[in-house]
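Read the structure below first, then the notes.
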2 protein chains.
Amino acid sequence: MDMAMKYFLPHISKLEAYTPGEQINAPGVIKLNTNENPYPPSPQVVKALARLGPDRLRKYPQPYADDFRVAAAEVFGLDADMILPGNGGDELLRMIAMSFIAPGQAAAAPYPTYTLYEVLVQVQNAAMTWVDWPEDYSLPLDELAAVKAPLTFLANPNAPTGTVVECDMVAKLARRLEPFGVLVVDEAYFDFAGGATCLPLVREHPNVIILRTLSKGYCMAGLRFGYAVACRELIAGLRKVKDSYNCDAISIALATAAIKDQKYRQWAVDQVVAERDRMSAELTGRGWNVLPSRSNFILVRPPDGEAKRRYEALKRRNILVRYFGSRRLSDKLRITIGTPAENSALLAAIDRM
Amino acid sequence: MDMAMKYFLPHISKLEAYTPGEQINAPGVIKLNTNENPYPPSPQVVKALARLGPDRLRKYPQPYADDFRVAAAEVFGLDADMILPGNGGDELLRMIAMSFIAPGQAAAAPYPTYTLYEVLVQVQNAAMTWVDWPEDYSLPLDELAAVKAPLTFLANPNAPTGTVVECDMVAKLARRLEPFGVLVVDEAYFDFAGGATCLPLVREHPNVIILRTLSKGYCMAGLRFGYAVACRELIAGLRKVKDSYNCDAISIALATAAIKDQKYRQWAVDQVVAERDRMSAELTGRGWNVLPSRSNFILVRPPDGEAKRRYEALKRRNILVRYFGSRRLSDKLRITIGTPAENSALLAAIDRM
């Protein structure tokens with residue numbers, strides 16, 4: 001039934017789908033390719049999971065995940081109406097693309113960054129205008145503002161570089177974009193950034209949306225739970241394009257337990273940050289170039305720049321890291337920080353290569 | 001920050017959001033307003049929930065919910081590549097609207113039906129062309145085909161009427177639409193229809209998509225899990241607009257357990273169908289007009305047609321039913337079939353009104 005493709009809108013037919021990282025769960029594989037946290041979720045989450053009754057499954061969940069919004073509002077000192085929970089940060093990004101980008105328009109983002117942004121823009125039959133990050137990964141403020149995009153994406157910390165733009169610079173960008181466009185600051189990796197955040201901007205800038213996720217800092221990539229923070233009006237508008245019950249009853253309960261346990265989050269984050277710094281030093285000592293990271297991964301260049309060969313050799317040894325192969329990344333690997341044992345196994349494998 | 005609304009695309013600004021039914025979970029409330037199953041999920045689901053380890057939460061889930069697809073393919077005798085799991089049937093409906101309807105086009109559906117269809121079409125900056133169901137709720141075949149829509153929705157059983165169009169009639173519609181458009185047959189209430197299904201059509205019609213959900217027959221509205229069945233090419237195209245990890249790890253595990261336990265599903269469905277037939281007879285005996293239903297709800301008209309007054313009086317007695325108030329529905333109530341005790345409480349309340 002090849003003829004079925006004719007029914008799709010032309011821009012969907014020719015779209016190249018986003019490729020998620022390899023999700024291999026074979027025993028013995030050391031998985032350092034998709035930026036999961038190597039530690040289990042909070043014991044409070046495990047308790048909440050054990051307490052879940054079947055009646056929670058039977059009934060429709062809260063349409064706006066109220067339990068989570070109330071808990072998060074208290075933790076972050078926000079109004080609950082400034083918070084929009086979603087089925088992972090990816091769902092919120094897609095809702096944002098649907099709300100602000102019309103067919104034929106251009107969104108803006110610095111390059112390289114999270115590759116999903118472009119796919120989401122293309123699904124809207126729009127295009128991405130890329131602005132290259134300078135070599136020092138400082139914000140290309142003028143260039144981004146010059147695009148005059150109705151929607152600008154800024155991953156902060158950026159992926160796959162792990163670099164951070166400080167809040168005062170992001171505020172300047174928000175002000176420049178304010179007459180015509182929205183700025184999404186994707187803080188998926190915020191937890192590892194040593195406190196750097198643009199969250200305060202939502203009080204002063206009607207065009208700023210902050211995205212957070214429970215996938216990384218809260219060790220729950222499997223749960224699919226993220227949230228957007230913005231002024232009430234933006235959140236109210238985004239709700240209109242939300243699937244009616246976008247967060248399920250179990251994920252609302254577990255996300256609520258997780259967000260309340262900030263002490264555990266800090267513990268898990270501290271372990272990862274300590275290992276990130278160790279791995280950065282170890283690889284630097286081996287002559288690898290390591291971009292200083294404030295995330296839970298590092299972007300590294302082997303001494304000979306032969307990143308693809310390293311990726312393949314590590315895979316043969318059951319160690320998965322991420323190789324992108326695209327412009328500015330073809331000589332680099334992105335390595336997720338694992339447990340001390342996993343990281344040491346990676347170093348040992350590199351030493352044997 | 002009222003100025004924030006200016007950032008939204010004009011059709012989103014003026015969009016009226018879908019209103020989910022009231023989700024009140026106060027103790028003592030009898031909830032017969034959003035078509036949940038009154039029985040808990042299968043004991044196999046409860047076991048699967050108890051077995052879930054925290055590692056399942058830590059890692060990203062399967063991007064295509066493979067465990068579920070393999071299990072469902074075996075149950076229904078399909079190829080796993082003809083199945084697309086989603087975060088509830090609503091997500092799949094939204095993906096379908098994104099894939100097949102361009103701004104300015106018109107989708108088609110018979111009226112009255114599930115009100116979400118129109119909202120999803122409007123989010124695409126498109127419009128809905130309604131074709132009235134005739135009074136006997138037989139398929140308005142010629143009128144629907146005459147719209148020449150790139151996308152036609154058919155809820156079957158239909159909501160909020162509970163009526164069914166037989167498969168041979170739907171096949172005729174599919175053939176008429178084939179030159180230009182896709183037909184979505186939303187079988188959310190299939191489980192209660194006594195075996196009536198259009199599933200076999202996906203083998204012969206490249207333009208037919210069947211939607212199913214685990215919310216009703218499998219007693220898991222809180223889980224948000226549905227699936228689309230269509231020819232491989234349509235499923236492959238729809239995957240392009242899917243959020244990267246749209247189903248979470250817990251829901252994949254529980255949905256897989258549920259779909260394997262067809263015996264429990266049949267038991268839960270049998271209870272509901274027996275009560276539906278009892279309630280239909282009881283209300284008919286009281287002079288109410290009851291549309292013959294093949295779903296887990298009944299659309300009823302009180303003898304005096306004063307449906308809104310009944311809805312309000314029942315609500316004061318802590319019994320929630322659904323009142324729509326729209327054309328052809330303003331004199332009717334939609335009543336979800338509950339447990340025998342809940343249904344009897346409703347009858348007693350009606351007798352006291």
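As shown in the structure tokens, the chain order sets the letters A, B, ...; within each chain, residues go from 1, and ligands are also counted from 1 in the order they appear.
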
Wanna dump the chain A-chain B contacts at 6 Å for me, each residue with its shortest atom pair and the distance in Å to one decimal, counting only C-alpha atoms, ordered by chain and number, as JSON lines?
```
{"residue": "A:Met1", "atom": "CA", "partner": "B:Pro206", "partner_atom": "CA", "distance": 5.9}
{"residue": "A:Ala4", "atom": "CA", "partner": "B:Pro206", "partner_atom": "CA", "distance": 5.3}
{"residue": "A:Phe8", "atom": "CA", "partner": "B:Phe100", "partner_atom": "CA", "distance": 5.1}
{"residue": "A:Leu9", "atom": "CA", "partner": "B:Phe100", "partner_atom": "CA", "distance": 5.4}
{"residue": "A:Ala17", "atom": "CA", "partner": "B:Lys240", "partner_atom": "CA", "distance": 4.8}
{"residue": "A:Pro40", "atom": "CA", "partner": "B:Arg58", "partner_atom": "CA", "distance": 5.8}
{"residue": "A:Pro54", "atom": "CA", "partner": "B:Pro40", "partner_atom": "CA", "distance": 5.9}
{"residue": "A:Leu57", "atom": "CA", "partner": "B:Gly222", "partner_atom": "CA", "distance": 4.3}
{"residue": "A:Arg58", "atom": "CA", "partner": "B:Met220", "partner_atom": "CA", "distance": 4.4}
{"residue": "A:Lys59", "atom": "CA", "partner": "B:Gly222", "partner_atom": "CA", "distance": 5.0}
{"residue": "A:Tyr60", "atom": "CA", "partner": "B:Gly222", "partner_atom": "CA", "distance": 4.4}
{"residue": "A:Pro61", "atom": "CA", "partner": "B:Gly222", "partner_atom": "CA", "distance": 5.0}
{"residue": "A:Ser99", "atom": "CA", "partner": "B:Phe8", "partner_atom": "CA", "distance": 5.6}
{"residue": "A:Phe100", "atom": "CA", "partner": "B:Phe8", "partner_atom": "CA", "distance": 5.2}
{"residue": "A:Pro206", "atom": "CA", "partner": "B:Ala4", "partner_atom": "CA", "distance": 5.3}
{"residue": "A:Cys219", "atom": "CA", "partner": "B:Arg58", "partner_atom": "CA", "distance": 5.0}
{"residue": "A:Met220", "atom": "CA", "partner": "B:Arg58", "partner_atom": "CA", "distance": 4.5}
{"residue": "A:Ala221", "atom": "CA", "partner": "B:Tyr60", "partner_atom": "CA", "distance": 4.8}
{"residue": "A:Gly222", "atom": "CA", "partner": "B:Leu57", "partner_atom": "CA", "distance": 4.3}
{"residue": "A:Leu223", "atom": "CA", "partner": "B:Asp248", "partner_atom": "CA", "distance": 5.2}
{"residue": "A:Arg224", "atom": "CA", "partner": "B:Asp248", "partner_atom": "CA", "distance": 5.6}
{"residue": "A:Glu233", "atom": "CA", "partner": "B:Ala4", "partner_atom": "CA", "distance": 6.0}
{"residue": "A:Lys240", "atom": "CA", "partner": "B:Ala17", "partner_atom": "CA", "distance": 4.8}
{"residue": "A:Asp248", "atom": "CA", "partner": "B:Leu223", "partner_atom": "CA", "distance": 5.2}
{"residue": "A:Ala249", "atom": "CA", "partner": "B:Gly222", "partner_atom": "CA", "distance": 5.0}
```

DSSP strand (DSSP E) residues within region 103-310 of chain A, as an MDAnalysis selection string: chainID A and resid 106:111 127:132 151:155 182:186 208:213 226:229 289:290 297:301

Using only C-alpha atoms, which protein or nucleic acid residues come within 10 Å of Cys167 (chain A)? Drop anything in the same chain fewer than 6 positions from it, and give the result as a PyMOL selection string. chain A and resi 156+173+196-201

Please, which residues of region 77-323 of chain A, numbered as in this document, come out alpha helix (DSSP H) from DSSP, as number ranges by chain? A: 89-100, 116-123, 141-146, 167-177, 232-239, 249-260, 262-285, 307-316

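Proximity to Arg334 (chain A) at 9 Å, evaluated using only C-alpha atoms and with sequence-adjacent residues fewer than 2 positions away removed, yields Leu32, Asn33, Pro160, Thr161, Phe297, Ile298, Leu299, Val300, Val321, Arg322, Tyr323, Phe324, Lys332 and Thr336 of chain A.
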
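The residue set within 6 Å of Tyr227 (chain A), counting only C-alpha atoms and dropping same-chain residues fewer than 5 places from it, reads Leu84, Pro85, Gly86, Leu211 and Arg212 of chain A.
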
Residues within 12 Å of Lys263 (chain B), please, as a PyMOL selection string. Count only C-alpha atoms; anything in the same chain fewer than 3 positions from it doesn't count. chain B and resi 41-44+75+217-218+257-260+266-270
